[in-house]
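Trainee: Got a structure here, written out as structure tokens. Questions coming.
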Amino acid sequence: MNGFDFKDFLRFDKLVMPKIIIFIYYLGVILSVMSALGTIFTGFAYGGGGLVFTGLIMLVLGPLGVRLACELYIVLFKMYEKLSIIADKE
């Protein structure tokens with residue numbers, strides 16, 4: 001079962017979404033950091049201290065929020081895997 005078996009893929013015994021979630025996590029962190037840096041630079045360019053502060057908050061909370069959301073989805077898939085193992089034993 002270590003390799004890719006197309007039958008497992010068609011029967012949904014092998015899930016691909018956990019690997020996609022990891023990709024989504026990295027993409028989300030990159031976009032979050034870029035958005036925060038853009039907000040910070042905009043604040044500096046237009047003299048908006050509030051924008052700089054908002055950008056700094058986004059820089060910390062953005063990746064944290066993306067991590068939290070992705071971990072919740074990973075936990076759901078891990079629960080599914082463990083329950084399917086238990087169901088196979090019965």
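Lettering and numbering for the structure tokens are positional, with chains as A, B, ... in the shown order, residues counted from 1 in each chain, and ligands counted from 1 in the shown order.
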Skip range 67-76 of chain A itself and residues of its chain fewer than 5 positions away, then list as number ranges by chain all residues within 7 Å of it, counting only C-alpha atoms.
Mentor: A: 18, 21, 25
Trainee: Show me, as a count of residues only, the residues that have an atom within 10 Å of range 61-65 of chain A when counting only C-alpha atoms, minus same-chain residues fewer than 6 positions from it.
Mentor: 12
Trainee: List the neighbours of Phe41 in chain A out to 9 Å using only C-alpha atoms; skip same-chain residues closer than 4 positions along the sequence, and give me the result as number ranges by chain.
Mentor: A: 36-37, 45-46, 51-52, 55
Trainee: Limited to C-alpha atoms, could you put the picked residues into a file as a PDB file, in the first residue's frame?
Mentor:
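Dumped everything to out38.pdb:
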ATOM      1  CA  ALA A  36       0.763  42.173   4.932  1.00  0.00           C
ATOM      2  CA  LEU A  37       3.949  43.590   3.411  1.00  0.00           C
ATOM      3  CA  ALA A  45       3.965  55.518   1.210  1.00  0.00           C
ATOM      4  CA  TYR A  46       0.799  57.372   2.157  1.00  0.00           C
ATOM      5  CA  LEU A  51      -2.077  50.817   7.802  1.00  0.00           C
ATOM      6  CA  VAL A  52       1.404  50.034   9.075  1.00  0.00           C
ATOM      7  CA  GLY A  55       0.014  45.243   8.237  1.00  0.00           C
TER       8      GLY A  55
END
Trainee: Just how far from CA of Ile22 in chain A is CA of Asp88 in chain A, in Å to one decimal?
Mentor: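 Separating CA of Asp88 in chain A from CA of Ile22 in chain A is a distance of 27.0 Å.
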Trainee: Find, counting only C-alpha atoms, the residue in A:Lys89, A:Phe77, A:Phe6, A:Lys82 that gets nearest to Lys19 in chain A.
Mentor: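 Nearest to Lys19 in chain A: A:Phe77.
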Trainee: Taking only chain A into account, list the residues labelled helix (DSSP H, G or I) by DSSP (computed from the backbone), as an MDAnalysis selection string.
Mentor: chainID A and resid 6:10 17:46 49:89
